[in-house]
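Input: a single structure, listed below in structure tokens.
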Amino acid sequence: MSLTDQASLRVVLYEGDGVQPLAAEERFATLSSLLEKGFAITRVTGERKVAPNDGAELLVLGRFDQGARPAGASVDGQVPIHFHDLSNSTAGETAIAAETLRAQIHAHRTGEWKPWFPVIDYDRCTNCMQCLSFCLFGVYGVDQAQQIQVQNHDSCKTNCPACSRVCPEAAIMFPKYKSGPINGDAVSSDDLQREKMKIDISALLGGDIYQMLRDRSERAKSRFSKERDSEKALKERQKCLVQLAQAGDIPPEVLMALPSREEIEEKARAAKAKAQQALAMQP
Amino acid sequence: MNPPRILYCHCAYAQVVPKEVKEAVLKKLSESGLAFEAVPDLCEMSARQDPALRRLAEAGAIKIAACYPRAVKWLFAGAKSALPIDGAEIINMRTLSAEAVTAALFDPQAHPNLPADKTASSESLVPKETRA
Ligand code: SF4
Ligand code: SF4
């Protein structure tokens, strides 16, 4: 199932008219445990409607034994509404009740995937397609107007910001990255200069890395035959990968998980062809 | 006129927002009498193109406690739910103290701060469906 096909469950913490509000600590504990379990929450107080409809099923929480449940009619539109009384429910029990309902209605679960993917700043992007030709994992594509787009967010390799380094405009962000401008901080002219001097990661991924690994493993092999020390050979390979990872800011797990050289070449050819086709079709 | 709505991002799946800041902000929100929205992770919602983002982007002035304004702008736009350029204030929990974040959230005046869109001549590059 694609990321965008899944149904949602939204939690409404109802503390509006006619219902006794929670104590502040209780509210904080309830919100924290729901957020940690991946639920979005709307806290409703007297003046606002229960919740504008966005198509998500609703789980409405409140102290209903001391007040009336909010009427279904106060929700804009028609969505299934479930209620949970907080009068005798701890924060942990409330989170479990929400999880049980989420499983029953087959709503999406969060937390199974770290949301790590490129975000394009279209104020900077010039639609040059470098990112599309570079990415070996099919994250990028183009829309009908041949505009670059992130299409397969969950194909991106967690913690790998490599494509942001090939973008000549510093237009690719990873909001969960440690430093700017990749994390979304403003782009300075110094950053642009640095971007121009970035290392050629395509060469690193597509060619040099294999040459380096081969050289290393040849050396390791000759030593291996002499020393019969497979542990050492493995360490040698890991050391080499760690150095590459540090130089290119690419997580070792990503380098370890790279496809074979032939597969990389094939993927790179396909991505380049896709980019060239998109460029040729631009008005 | 209604005060700006409040949206809090818990950044649940990474340690990029300091834990003590996000906890203190959530605590202050919990102690307030205000209505607000709290979401586990705006990045995840953007990748899923969660319809809630459109609901939030289309309902007028909004203050969002999350991370860098440029990132939040394009996370919403990437989910075809562009934020109003003149009505969205992003409060950066990565760089501000909890006190500064809550002071900005509780200020009834909105101080819109999304990075300005490109000039009209090059605006055509922004995919149409991501514009407000
Ligand atoms: S490399 Fe950068 S400027 Fe070029 S299409 Fe990709 S995001 Fe846009
Ligand atoms: S928008 Fe920023 S604060 Fe929110 S989940 Fe993404 S990186 Fe974290």
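Quick note on naming: the chains in the structure tokens go A, B, ... in the order shown, residues restart at 1 in each chain, and ligands are numbered from 1 in order of appearance.
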
Query raised in the report: Which chain B residues are at most 9 Å from chain A (counting only C-alpha atoms), as a PyMOL selection string?
Result: chain B and resi 10-17+23+26-41+43-45+47-55+67-75+78+115-119+122-123+125-127

Requested in this report: as a list in words, please: all residues of chain B that backbone DSSP puts in strand (DSSP E or B).
Outcome: Arg5, Ile6, Leu7, Tyr8, Cys9, Phe36, Glu37, Ala38, Val39, Ile62, Lys63, Ile64, Ala65, Ala66, Ala88, Glu89, Ile90, Ile91 and Asn92 of chain B

Requested in this report: From a DSSP calculation on the backbone, collect every residue of segment 35-91 of chain B in alpha helix (DSSP H) and output the set as a PyMOL selection string.
Outcome: chain B and resi 42-47+51-57+69-78
